[in-house]
file model35.txt (compact mmCIF, C-alpha atoms)
# COMPACT_ATOMS: atom_id res chain seq x y z
CA MET A 19 -0.97 -15.85 -0.79
CA THR A 20 -2.02 -13.00 -2.99
CA LEU A 21 -5.59 -12.49 -1.90
CA ARG A 22 -6.59 -9.10 -3.11
CA ARG A 23 -7.39 -5.88 -3.26
CA THR A 24 -9.38 -2.72 -4.09
CA GLY A 25 -10.05 -1.87 -0.60
CA ASN A 26 -13.37 -1.92 1.18
CA ASP A 27 -14.68 -1.90 -2.31
CA PRO A 28 -18.35 -2.60 -3.01
CA LEU A 29 -17.34 -3.67 -6.54
CA LYS A 30 -15.26 -6.49 -5.08
CA THR A 31 -17.81 -7.21 -2.33
CA LYS A 32 -20.61 -7.74 -4.82
CA VAL A 33 -18.44 -9.79 -7.14
CA ARG A 34 -17.65 -11.98 -4.16
CA ALA A 35 -21.33 -12.39 -3.39
CA LEU A 36 -21.96 -13.20 -7.03
CA PHE A 37 -19.21 -15.80 -7.04
CA PHE A 38 -20.54 -17.68 -4.06
CA ASP A 39 -24.06 -17.57 -5.49
CA ILE A 40 -22.72 -19.15 -8.66
CA CYS A 41 -21.01 -21.80 -6.58
CA ALA A 42 -24.46 -22.54 -5.18
CA LYS A 43 -25.70 -22.96 -8.77
CA LEU A 44 -27.64 -19.73 -8.76
CA SER A 45 -27.51 -17.05 -11.42
CA ARG A 46 -26.89 -13.41 -10.53
CA LYS A 47 -26.27 -10.15 -12.36
CA ILE A 48 -23.84 -7.42 -11.41
CA SER A 49 -23.75 -3.70 -12.17
CA PRO A 50 -20.17 -2.36 -11.99
CA TRP A 51 -21.37 1.23 -12.09
CA ARG A 52 -23.70 0.80 -9.11
CA GLN A 53 -20.93 -0.88 -7.13
CA TRP A 54 -18.45 1.88 -7.97
CA THR A 55 -21.05 4.42 -6.82
CA ARG A 56 -21.39 2.54 -3.54
CA LYS A 57 -17.64 2.74 -3.04
CA ILE A 58 -17.93 6.51 -3.30
CA GLN A 59 -20.80 6.48 -0.83
CA GLN A 60 -18.95 4.39 1.77
CA ASN A 61 -15.61 6.19 1.73
CA ALA A 62 -15.66 9.66 3.26
CA MET A 63 -12.61 10.86 1.42
CA TYR A 64 -14.02 9.84 -1.94
CA GLN A 65 -17.27 11.61 -1.10
CA VAL A 66 -15.39 14.83 -0.46
CA LEU A 67 -13.36 14.43 -3.63
CA LEU A 68 -16.49 13.65 -5.61
CA ALA A 69 -18.48 16.60 -4.32
CA VAL A 70 -15.64 19.10 -4.46
CA ILE A 71 -13.47 18.03 -7.37
CA VAL A 72 -15.41 15.98 -9.92
CA VAL A 73 -17.29 18.93 -11.41
CA THR A 74 -14.00 20.74 -11.82
CA LEU A 75 -12.36 17.77 -13.50
CA ALA A 76 -15.33 17.27 -15.78
CA VAL A 77 -15.00 20.84 -17.03
CA LEU A 78 -11.26 20.45 -17.47
CA VAL A 79 -11.34 17.07 -19.16
CA THR A 80 -13.96 18.34 -21.58
CA SER A 81 -11.73 21.29 -22.36
CA TYR A 82 -8.69 19.06 -22.74
CA GLY A 83 -10.50 16.86 -25.16
CA SER A 84 -11.54 19.79 -27.31
CA GLY A 85 -8.15 21.47 -27.19
CA THR A 86 -9.77 24.80 -26.28
CA THR A 87 -8.79 27.46 -23.80
CA ALA A 88 -10.72 27.26 -20.51
CA THR A 89 -11.37 30.46 -18.62
CA SER A 90 -12.45 31.03 -15.02
CA GLY A 91 -12.21 34.13 -12.87
CA SER A 92 -9.66 36.59 -14.22
CA ALA A 93 -7.15 34.12 -15.65
CA SER A 94 -7.12 31.64 -18.49
CA PHE A 95 -4.98 28.67 -19.39
CA ASN A 96 -4.15 26.92 -22.62
CA LEU A 97 -4.96 23.24 -23.00
CA PRO A 98 -4.16 20.40 -23.24
CA VAL A 99 -1.60 19.48 -20.62
CA GLU A 100 1.28 17.39 -21.92
CA VAL A 101 2.12 14.30 -19.90
CA ASN A 102 5.49 12.63 -20.47
CA LYS A 103 5.28 8.93 -19.72
CA THR A 104 7.95 7.22 -17.68
CA GLU A 105 8.93 3.57 -17.60
CA PRO A 106 9.92 1.51 -14.54
CA ILE A 107 13.60 0.71 -14.03
CA LEU A 108 14.02 -3.02 -14.52
CA ASP A 109 14.84 -5.50 -11.78
CA ALA A 110 13.32 -3.51 -8.93
CA TYR A 111 11.66 -6.60 -7.43
CA GLU A 112 11.41 -10.36 -7.56
CA VAL A 113 8.63 -12.78 -6.66
CA VAL A 114 9.61 -15.23 -3.92
CA GLU A 115 8.04 -17.56 -1.37
CA ILE A 116 7.44 -15.72 1.92
CA PRO A 117 6.76 -17.57 5.19
CA ASP A 118 3.08 -17.44 6.21
CA ARG A 119 2.16 -15.45 3.08
CA GLY A 120 2.86 -17.68 0.11
CA LYS A 121 4.26 -15.79 -2.85
CA GLY A 122 5.10 -12.12 -2.55
CA MET A 123 7.35 -9.38 -3.90
CA VAL A 124 10.62 -8.23 -2.37
CA ALA A 125 12.95 -5.46 -3.46
CA ARG A 126 16.00 -6.67 -5.39
CA ARG A 127 17.75 -3.36 -4.75
CA ASN A 128 17.16 -0.12 -2.88
CA ILE A 129 14.10 1.69 -4.24
CA LYS A 130 13.66 5.44 -3.88
CA ARG A 131 10.44 7.04 -2.68
CA GLY A 132 8.27 7.95 -5.66
CA GLU A 133 10.03 5.50 -7.98
CA LEU A 134 7.87 3.68 -10.49
CA ILE A 135 8.20 0.02 -9.52
CA LEU A 136 6.09 -1.52 -12.24
CA THR A 137 3.40 -0.98 -14.83
CA ASP A 138 1.05 -3.78 -15.73
CA ASP A 139 -1.36 -4.53 -18.57
CA GLU A 140 -4.65 -6.24 -17.87
CA VAL A 141 -5.12 -9.81 -19.05
CA LEU A 142 -8.79 -10.10 -18.09
CA ARG A 143 -11.52 -7.52 -17.52
CA TYR A 144 -14.70 -8.14 -15.59
CA GLN A 145 -17.47 -6.12 -17.23
CA PRO A 146 -20.23 -8.49 -18.34
CA GLU A 147 -23.37 -7.32 -20.05
CA ALA A 148 -26.54 -7.28 -17.97
CA GLU A 149 -27.77 -10.72 -19.03
CA GLU A 150 -24.34 -12.26 -19.65
CA ASP A 151 -23.13 -15.22 -17.62
CA PRO A 152 -20.08 -13.91 -15.70
CA MET A 153 -18.02 -17.09 -16.06
CA GLU A 154 -18.70 -17.30 -19.79
CA HIS A 155 -17.74 -13.64 -20.01
CA LEU A 156 -14.30 -14.46 -18.61
CA TRP A 157 -13.90 -17.76 -20.44
CA ARG A 158 -14.49 -16.10 -23.81
CA GLN A 159 -11.60 -13.73 -23.12
CA MET A 160 -9.36 -16.64 -22.20
CA THR A 161 -9.95 -18.42 -25.52
CA ASN A 162 -7.64 -15.87 -27.13
CA MET A 163 -4.82 -16.50 -24.65
CA THR A 164 -1.79 -18.72 -24.86
CA TRP A 165 -1.60 -21.74 -22.56
CA GLU A 166 1.18 -19.98 -20.62
CA GLN A 167 -1.14 -17.02 -19.96
CA VAL A 168 -3.91 -19.34 -18.79
CA GLU A 169 -1.51 -21.13 -16.44
CA GLU A 170 -0.32 -17.80 -15.05
CA ILE A 171 -3.88 -16.78 -14.22
CA GLN A 172 -4.70 -20.12 -12.64
CA SER A 173 -1.53 -20.00 -10.52
CA LEU A 174 -2.91 -16.99 -8.61
CA SER A 175 -4.69 -17.51 -5.30
CA TYR A 176 -8.41 -18.03 -4.81
CA PRO A 177 -10.60 -19.20 -1.93
CA PRO A 178 -10.32 -22.84 -0.84
CA ALA A 179 -12.97 -25.31 -1.95
CA THR A 180 -13.66 -23.34 -5.13
CA PRO A 181 -15.41 -25.55 -7.70
CA ALA A 182 -13.44 -26.06 -10.90
CA GLU A 183 -15.92 -24.14 -13.01
CA GLY A 184 -15.58 -21.11 -10.75
CA VAL A 185 -11.77 -20.82 -10.60
CA THR A 186 -11.38 -18.03 -13.15
CA LEU A 187 -14.05 -15.89 -11.51
CA ALA A 188 -12.54 -16.65 -8.10
CA VAL A 189 -9.10 -15.55 -9.31
CA MET A 190 -10.60 -12.30 -10.60
CA MET A 191 -12.46 -11.82 -7.33
CA THR A 192 -9.39 -12.23 -5.14
CA ASN A 193 -6.74 -10.65 -7.37
CA GLY A 194 -8.45 -7.93 -9.40
CA TYR A 195 -8.02 -4.18 -9.17
CA VAL A 196 -10.58 -1.49 -9.91
CA ALA A 197 -9.70 -0.14 -13.34
CA GLY A 198 -12.00 2.65 -14.44
CA HIS A 199 -15.61 1.65 -13.93
CA SER A 200 -14.98 -2.07 -13.79
CA MET A 201 -12.40 -4.55 -12.57
CA ALA A 202 -9.38 -6.09 -14.25
CA LEU A 203 -6.70 -8.68 -13.55
CA PHE A 204 -3.03 -7.66 -13.68
CA PRO A 205 -0.70 -10.67 -13.37
CA LYS A 206 2.42 -8.89 -12.12
CA ALA A 207 0.63 -6.66 -9.62
CA ALA A 208 -1.38 -9.64 -8.36
CA ARG A 209 1.74 -10.97 -6.64
CA MET A 210 2.01 -8.05 -4.21
CA ASN A 211 0.76 -8.77 -0.70
CA HIS A 212 -1.30 -6.59 1.62
CA ALA A 213 -0.36 -4.35 4.52
CA CYS A 214 -2.65 -2.10 6.51
CA ALA A 215 -2.31 1.67 6.87
CA GLY A 216 1.29 2.74 7.44
CA GLY A 217 2.56 -0.76 6.69
CA MET A 218 1.96 -0.31 2.97
CA ASN A 219 4.95 1.00 1.04
CA VAL A 220 3.56 0.91 -2.51
CA ALA A 221 0.64 2.84 -4.01
CA HIS A 222 -1.30 1.59 -7.02
CA ASN A 223 -3.39 3.57 -9.47
CA TRP A 224 -5.07 3.00 -12.81
CA ARG A 225 -4.45 5.40 -15.69
CA ASP A 226 -7.16 5.66 -18.29
CA THR A 227 -4.77 7.49 -20.60
CA ASP A 228 -2.73 4.40 -21.43
CA GLN A 229 -4.88 1.68 -19.86
CA LYS A 230 -2.25 0.46 -17.41
CA LEU A 231 -1.88 -0.08 -13.68
CA TYR A 232 0.97 1.91 -12.10
CA MET A 233 2.69 1.14 -8.79
CA HIS A 234 4.97 3.68 -7.07
CA ALA A 235 7.04 3.49 -3.88
CA LEU A 236 5.52 5.54 -1.04
CA ARG A 237 8.83 5.66 0.84
CA ASP A 238 12.41 4.50 0.47
CA ILE A 239 12.49 0.70 0.37
CA SER A 240 15.61 -1.28 1.22
CA GLU A 241 16.95 -4.24 -0.70
CA GLY A 242 15.30 -7.44 0.55
CA GLU A 243 12.28 -5.62 2.03
CA GLU A 244 8.86 -6.93 1.10
CA LEU A 245 6.63 -4.73 -1.07
CA PHE A 246 3.11 -4.16 0.21
CA THR A 247 0.07 -2.40 -1.17
CA SER A 248 -3.31 -2.17 0.57
CA TYR A 249 -6.46 -4.10 -0.34
CA ILE A 250 -8.82 -2.20 1.98
CA ASP A 251 -9.52 1.19 3.48
CA SER A 252 -7.61 0.39 6.66
CA LYS A 253 -8.67 3.37 8.78
CA ALA A 254 -10.15 0.95 11.32
CA PRO A 255 -9.02 -0.90 14.47
CA ARG A 256 -6.95 -4.07 14.06
CA GLU A 257 -9.79 -6.40 15.06
CA LEU A 258 -12.11 -4.99 12.39
CA ARG A 259 -9.40 -4.97 9.72
CA ARG A 260 -8.49 -8.57 10.39
CA LYS A 261 -12.12 -9.67 10.33
CA LEU A 262 -12.70 -7.95 7.01
CA LEU A 263 -9.59 -9.47 5.47
CA LYS A 264 -10.45 -12.92 6.81
CA ASP A 265 -14.06 -12.76 5.63
CA ASP A 266 -13.34 -11.29 2.21
CA TYR A 267 -9.81 -12.43 1.36
CA HIS A 268 -9.48 -15.60 3.45
CA PHE A 269 -6.23 -14.88 5.30
CA ASP A 270 -5.13 -13.80 8.75
CA CYS A 271 -3.33 -10.49 8.40
CA ASN A 272 0.14 -10.44 9.93
CA CYS A 273 1.31 -7.25 8.23
CA PRO A 274 3.71 -4.88 10.05
CA VAL A 275 0.79 -2.88 11.52
CA CYS A 276 -1.33 -5.86 12.57
CA SER A 277 1.77 -7.48 14.11
CA LEU A 278 2.48 -4.58 16.48
CA PRO A 279 2.57 -5.39 20.23
CA ASP A 280 -0.82 -4.84 21.84
CA GLU A 281 0.03 -1.50 23.46
CA LEU A 282 1.42 -0.04 20.23
CA SER A 283 -1.45 -1.53 18.26
CA LYS A 284 -3.93 0.18 20.57
CA LYS A 285 -2.31 3.55 19.91
CA SER A 286 -2.29 2.86 16.18
CA ASP A 287 -5.98 1.92 16.30
CA GLU A 288 -6.77 5.19 18.05
CA ARG A 289 -4.97 7.19 15.37
CA LEU A 290 -6.69 5.32 12.55
CA SER A 291 -10.11 5.77 14.15
CA THR A 292 -9.36 9.46 14.59
CA LEU A 293 -8.48 9.73 10.89
CA LYS A 294 -11.74 8.08 9.87
CA GLY A 295 -13.75 10.51 12.00
CA LEU A 296 -11.87 13.56 10.71
CA TYR A 297 -12.39 12.56 7.09
CA GLU A 298 -16.11 12.23 7.77
CA GLN A 299 -16.15 15.75 9.25
CA LEU A 300 -14.67 17.19 6.05
CA GLN A 301 -18.00 16.75 4.30
CA GLY A 302 -19.29 19.68 6.33
CA TRP A 303 -17.59 22.04 3.87
CA ASN A 304 -19.82 20.76 1.07
CA ASP A 305 -23.04 21.59 2.93
CA ASP A 306 -21.65 24.83 4.43
CA SER A 307 -21.80 23.58 8.00
CA LEU A 308 -18.03 24.24 8.06
CA ASP A 309 -16.35 27.37 6.75
CA GLY A 310 -13.01 27.35 4.99
CA LYS A 311 -10.86 27.94 8.06
CA GLN A 312 -12.58 25.17 10.02
CA THR A 313 -12.11 22.83 7.09
CA ILE A 314 -8.40 23.60 6.79
CA ASP A 315 -8.02 23.11 10.54
CA ILE A 316 -9.45 19.60 10.14
CA ILE A 317 -7.17 18.90 7.18
CA ASN A 318 -4.14 19.96 9.22
CA ARG A 319 -5.22 17.62 12.01
CA ILE A 320 -5.54 14.77 9.49
CA TRP A 321 -2.09 15.60 8.18
CA ALA A 322 -0.52 15.52 11.65
CA VAL A 323 -2.13 12.20 12.60
CA SER A 324 -1.27 10.68 9.20
CA LEU A 325 2.40 11.55 9.61
CA GLU A 326 2.40 10.11 13.12
CA GLU A 327 0.86 6.88 11.82
CA ASN A 328 3.07 6.94 8.71
CA TYR A 329 -0.11 6.62 6.66
CA VAL A 330 0.93 8.74 3.69
CA ASN A 331 -0.95 7.20 0.78
CA GLU A 332 -3.71 9.84 0.81
CA LEU A 333 -1.66 12.97 1.52
CA GLY A 334 -1.63 14.09 -2.11
CA GLU A 335 -5.41 14.00 -2.45
CA LEU A 336 -5.75 15.62 0.96
CA ALA A 337 -3.54 18.54 -0.11
CA ALA A 338 -5.54 18.83 -3.35
CA ILE A 339 -8.75 19.15 -1.32
CA ALA A 340 -7.12 21.84 0.83
CA SER A 341 -5.92 23.76 -2.21
CA MET A 342 -9.43 23.76 -3.65
CA VAL A 343 -10.91 24.96 -0.35
CA ALA A 344 -8.36 27.79 -0.18
CA THR A 345 -8.96 28.70 -3.82
CA ALA A 346 -12.74 28.73 -3.38
CA HIS A 347 -12.31 31.20 -0.49
CA SER A 348 -9.82 33.30 -2.53
CA ASP A 349 -6.90 32.66 -0.16
CA LEU A 350 -4.38 32.31 -2.97
CA ASP A 351 -1.30 32.34 -0.74
CA ALA A 352 -2.60 29.30 1.13
CA ALA A 353 -3.75 27.70 -2.12
CA ALA A 354 -0.23 27.93 -3.57
CA LYS A 355 1.27 26.23 -0.51
CA TRP A 356 -1.29 23.45 -0.57
CA ASN A 357 -0.81 22.99 -4.31
CA ARG A 358 2.92 22.53 -3.80
CA LEU A 359 2.19 19.83 -1.26
CA ALA A 360 -0.33 18.22 -3.61
CA THR A 361 2.26 18.22 -6.40
CA LYS A 362 4.85 16.66 -4.11
CA TRP A 363 2.72 13.88 -2.66
CA MET A 364 0.69 13.05 -5.74
CA GLY A 365 4.01 12.84 -7.56
CA ILE A 366 5.03 10.17 -5.07
CA ALA A 367 1.81 8.14 -5.18
CA PHE A 368 0.71 8.75 -8.78
CA GLY A 369 3.99 9.60 -10.50
CA LYS A 370 5.50 12.95 -11.46
CA ASP A 371 4.26 12.43 -14.99
CA SER A 372 0.65 11.87 -13.91
CA PHE A 373 -2.35 13.97 -14.87
CA GLN A 374 -2.94 14.79 -11.20
CA VAL A 375 0.52 16.34 -10.83
CA LYS A 376 0.21 18.34 -14.04
CA MET A 377 -3.08 19.77 -12.80
CA SER A 378 -1.59 20.82 -9.45
CA GLU A 379 1.38 22.43 -11.19
CA ARG A 380 -0.99 24.43 -13.35
CA TRP A 381 -2.89 25.76 -10.33
CA ILE A 382 0.38 26.88 -8.72
CA ASP A 383 1.09 29.08 -11.73
CA GLN A 384 -2.47 30.21 -12.42
CA PRO A 385 -4.60 29.86 -9.27
CA GLN A 386 -7.25 32.30 -10.48
CA GLY A 387 -7.84 30.06 -13.47
CA HIS A 388 -9.11 27.33 -11.17
CA PRO A 389 -12.87 26.77 -11.70
CA ALA A 390 -13.39 26.84 -7.91
CA TYR A 391 -11.83 30.31 -7.56
CA GLY A 392 -14.03 32.71 -5.59
CA LYS A 393 -17.00 30.36 -5.33
CA LYS A 394 -17.27 30.80 -1.56
CA THR A 395 -17.02 33.72 0.86
CA ALA A 396 -13.57 35.29 0.78
CA MET A 397 -11.53 34.59 3.92
CA VAL A 398 -8.05 33.65 5.08
CA VAL A 399 -8.32 29.89 5.59
CA GLY A 400 -4.67 29.17 6.39
CA GLY A 401 -1.88 27.07 4.98
CA PRO A 402 -0.28 23.76 5.96
CA ILE A 403 1.19 23.07 9.38
CA ASP A 404 5.00 23.15 9.70
CA ALA A 405 5.20 19.36 9.77
CA ALA A 406 3.51 19.23 6.39
CA LEU A 407 5.73 21.95 4.89
CA LYS A 408 8.84 20.14 6.11
CA THR A 409 7.93 17.18 3.90
CA LEU A 410 8.65 19.42 0.90
CA GLU A 411 12.31 19.44 1.95
CA LYS A 412 12.71 15.65 1.98
call {"tool": "encode", "arguments": {"input": "model35.txt", "output": "structure tokens"}}
result
Amino acid sequence: MTLRRTGNDPLKTKVRALFFDICAKLSRKISPWRQWTRKIQQNAMYQVLLAVIVVTLAVLVTSYGSGTTATSGSASFNLPVEVNKTEPILDAYEVVEIPDRGKGMVARRNIKRGELILTDDEVLRYQPEAEEDPMEHLWRQMTNMTWEQVEEIQSLSYPPATPAEGVTLAVMMTNGYVAGHSMALFPKAARMNHACAGGMNVAHNWRDTDQKLYMHALRDISEGEELFTSYIDSKAPRELRRKLLKDDYHFDCNCPVCSLPDELSKKSDERLSTLKGLYEQLQGWNDDSLDGKQTIDIINRIWAVSLEENYVNELGELAAIASMVATAHSDLDAAAKWNRLATKWMGIAFGKDSFQVKMSERWIDQPQGHPAYGKKTAMVVGGPIDAALKTLEK
């Protein structure tokens, strides 16, 4: 069963609604951009990243594209950043039948944390025009495929009782990943099953630079161990996670986190609920209801709870937020420490050759060149807790 993925994603939610309307012989339209915006609105971490980072990235990407030198504060930096692409080592995984899950991926050998497990090219993209029939939109793309490619798509999972005319859309709905401002189907990645929170051991991310999906190991994975990514924002109690996955993806989650004994599951639920609340508090820095030190205190609490829960997928972005907060308040010593953590953990989740890592490395060397430098009241905000710094040694 490879019922999928993009998290608590309004893009997927609306596509689902569209699909079932079509099954009822109704016609609906979908706006990928509006759905992507709703994803930002519903996820506290993305809201913080949007409000704090997007303006910075817009300035930088514009500068990268023009090949100019961007200047901010008292330092300048030459652009563009060079990114060296890596390729996955072959034979890292195989697709097998897994009891109670259908098909899934398992490691064929030991996989190191941060290793690139696979890259995948899209075979279908869901981005219909406003008045375009969504099924015809997908069918037209399939007319250029080989029969083997069509069979591969149709072999992926989709909800039971799907009418024949809706199979392709159903496959996209249950197996697609967000890729830029729309959704795409990646046949290799579609075989990876779901695990909640700390049960996931693989991160996925889309790179606009080469139009591929990348999947990296979040921790060391032993030979024979199943590979899991996450379909939802799983910072929620088990009961709510399972309901969401059942309603939207049509399976009963028995991942390592959902399968914990009740007492351990209760403690896990408490940690995940705490994380959700702390992420929501972070938005106070944007509206100045929190100062820099209070914000870093919250980030350190998130870090501690995340390590306890083994929920490490978001640590790189979290450190990047902290580095920007420290830089904005001119605490460059703290900013350097947070940037090192961001480089480490984004290298694990996004790849050492990723744009995100190259950006963090640049801010380590030239923190005063950061567009956020000095934008808020100068103060000592503080660096990472010891538990966070110790992860740099591993």
call {"tool": "residues_around", "arguments": {"input": "model35.txt", "residues": "Met153 in chain A", "least_positions_apart": "4", "cutoff": "8 Å", "atoms": "all atoms listed in the file", "output": "PyMOL selection string"}}
result
chain A and resi 157+183-184+186-187
call {"tool": "residues_around", "arguments": {"input": "model35.txt", "residues": "Ala202 in chain A", "least_positions_apart": "5", "cutoff": "9 Å", "atoms": "only C-alpha atoms", "output": "list in words"}}
result
Glu140, Val141, Leu142, Arg143, Tyr144, Gln145, Met190, Asn193, Gly194, Tyr195, Val196 and Ala197 of chain A
call {"tool": "residues_around", "arguments": {"input": "model35.txt", "residues": "Ala125 in chain A", "least_positions_apart": "2", "cutoff": "9 Å", "atoms": "only C-alpha atoms", "output": "number ranges by chain"}}
result
A: 109-112, 123, 127-129, 239-245
call {"tool": "residues_around", "arguments": {"input": "model35.txt", "residues": "Leu308 in chain A", "least_positions_apart": "5", "cutoff": "12 Å", "atoms": "all atoms listed in the file", "output": "list of chain:residue names"}}
result
A:Gln299, A:Leu300, A:Gln301, A:Gly302, A:Trp303, A:Thr313, A:Ile314, A:Asp315, A:Ile316, A:Val343, A:Lys394, A:Thr395, A:Val399
call {"tool": "closest_residue", "arguments": {"input": "model35.txt", "among": "A:Arg131, A:Lys362, A:Arg256, A:Lys285", "to": "Ala235 in chain A", "atoms": "all atoms listed in the file"}}
result
A:Arg131
call {"tool": "atom_distance", "arguments": {"input": "model35.txt", "atom1": "CA of Gly122 in chain A", "atom2": "CA of Asn331 in chain A"}}
result
20.5 Å
call {"tool": "atom_distance", "arguments": {"input": "model35.txt", "atom1": "CA of Ala338 in chain A", "atom2": "CA of Ala360 in chain A"}}
result
5.3 Å
call {"tool": "closest_residue", "arguments": {"input": "model35.txt", "among": "A:Ser372, A:Gln312, A:Asn328, A:Thr292", "to": "Gly216 in chain A", "atoms": "only C-alpha atoms"}}
result
A:Asn328
call {"tool": "atom_distance", "arguments": {"input": "model35.txt", "atom1": "CA of Ser341 in chain A", "atom2": "CA of His234 in chain A"}}
result
23.4 Å
call {"tool": "decode", "arguments": {"input": "model35.txt", "residues": "range 144-167 of chain A", "atoms": "N, CA and C atoms", "output": "CSV table (one decimal), in the first residue's frame"}}
result
chain,number,residue,atom,x,y,z
A,144,TYR,N,0.4,17.4,-12.2
A,144,TYR,CA,-1.0,17.9,-12.1
A,144,TYR,C,-1.0,19.4,-12.0
A,145,GLN,N,-1.3,20.1,-13.1
A,145,GLN,CA,-1.3,21.5,-13.1
A,145,GLN,C,-2.2,22.0,-14.3
A,146,PRO,N,-3.5,21.6,-14.2
A,146,PRO,CA,-4.4,21.9,-15.3
A,146,PRO,C,-4.7,23.4,-15.3
A,147,GLU,N,-5.1,23.8,-16.5
A,147,GLU,CA,-5.5,25.2,-16.7
A,147,GLU,C,-6.9,25.4,-16.0
A,148,ALA,N,-7.3,26.6,-15.8
A,148,ALA,CA,-8.5,26.9,-15.0
A,148,ALA,C,-9.7,26.2,-15.5
A,149,GLU,N,-9.9,26.1,-16.9
A,149,GLU,CA,-11.1,25.5,-17.4
A,149,GLU,C,-10.9,24.1,-17.9
A,150,GLU,N,-9.7,23.5,-17.7
A,150,GLU,CA,-9.3,22.3,-18.2
A,150,GLU,C,-9.8,21.1,-17.4
A,151,ASP,N,-10.4,20.1,-18.1
A,151,ASP,CA,-10.8,18.9,-17.3
A,151,ASP,C,-9.6,18.2,-16.7
A,152,PRO,N,-9.6,17.9,-15.4
A,152,PRO,CA,-8.4,17.4,-14.8
A,152,PRO,C,-8.0,16.0,-15.3
A,153,MET,N,-9.0,15.2,-15.6
A,153,MET,CA,-8.6,13.8,-16.1
A,153,MET,C,-8.1,13.9,-17.5
A,154,GLU,N,-8.6,14.8,-18.4
A,154,GLU,CA,-8.1,14.9,-19.7
A,154,GLU,C,-6.7,15.5,-19.7
A,155,HIS,N,-6.5,16.4,-18.7
A,155,HIS,CA,-5.1,17.0,-18.5
A,155,HIS,C,-4.1,15.9,-18.2
A,156,LEU,N,-4.4,14.9,-17.4
A,156,LEU,CA,-3.5,13.8,-17.2
A,156,LEU,C,-3.4,12.8,-18.4
A,157,TRP,N,-4.6,12.5,-18.9
A,157,TRP,CA,-4.6,11.6,-20.1
A,157,TRP,C,-3.8,12.0,-21.2
A,158,ARG,N,-3.8,13.3,-21.5
A,158,ARG,CA,-3.0,13.9,-22.6
A,158,ARG,C,-1.5,13.6,-22.4
A,159,GLN,N,-1.1,13.8,-21.1
A,159,GLN,CA,0.3,13.5,-20.8
A,159,GLN,C,0.7,12.0,-21.1
A,160,MET,N,-0.3,11.1,-20.7
A,160,MET,CA,0.0,9.7,-20.9
A,160,MET,C,0.0,9.2,-22.3
A,161,THR,N,-0.5,10.0,-23.2
A,161,THR,CA,-0.5,9.6,-24.6
A,161,THR,C,0.9,9.5,-25.2
A,162,ASN,N,1.8,10.2,-24.5
A,162,ASN,CA,3.2,10.2,-25.0
A,162,ASN,C,4.1,9.1,-24.3
A,163,MET,N,3.4,8.3,-23.4
A,163,MET,CA,4.2,7.3,-22.7
A,163,MET,C,4.2,6.0,-23.4
A,164,THR,N,5.1,5.2,-23.0
A,164,THR,CA,5.1,3.8,-23.4
A,164,THR,C,4.1,3.0,-22.6
A,165,TRP,N,3.7,1.8,-23.1
A,165,TRP,CA,2.8,1.0,-22.4
A,165,TRP,C,3.3,0.6,-21.0
A,166,GLU,N,4.7,0.3,-21.0
A,166,GLU,CA,5.3,0.0,-19.7
A,166,GLU,C,5.1,1.1,-18.7
A,167,GLN,N,5.3,2.3,-19.1
A,167,GLN,CA,5.1,3.5,-18.2
A,167,GLN,C,3.7,3.6,-17.7
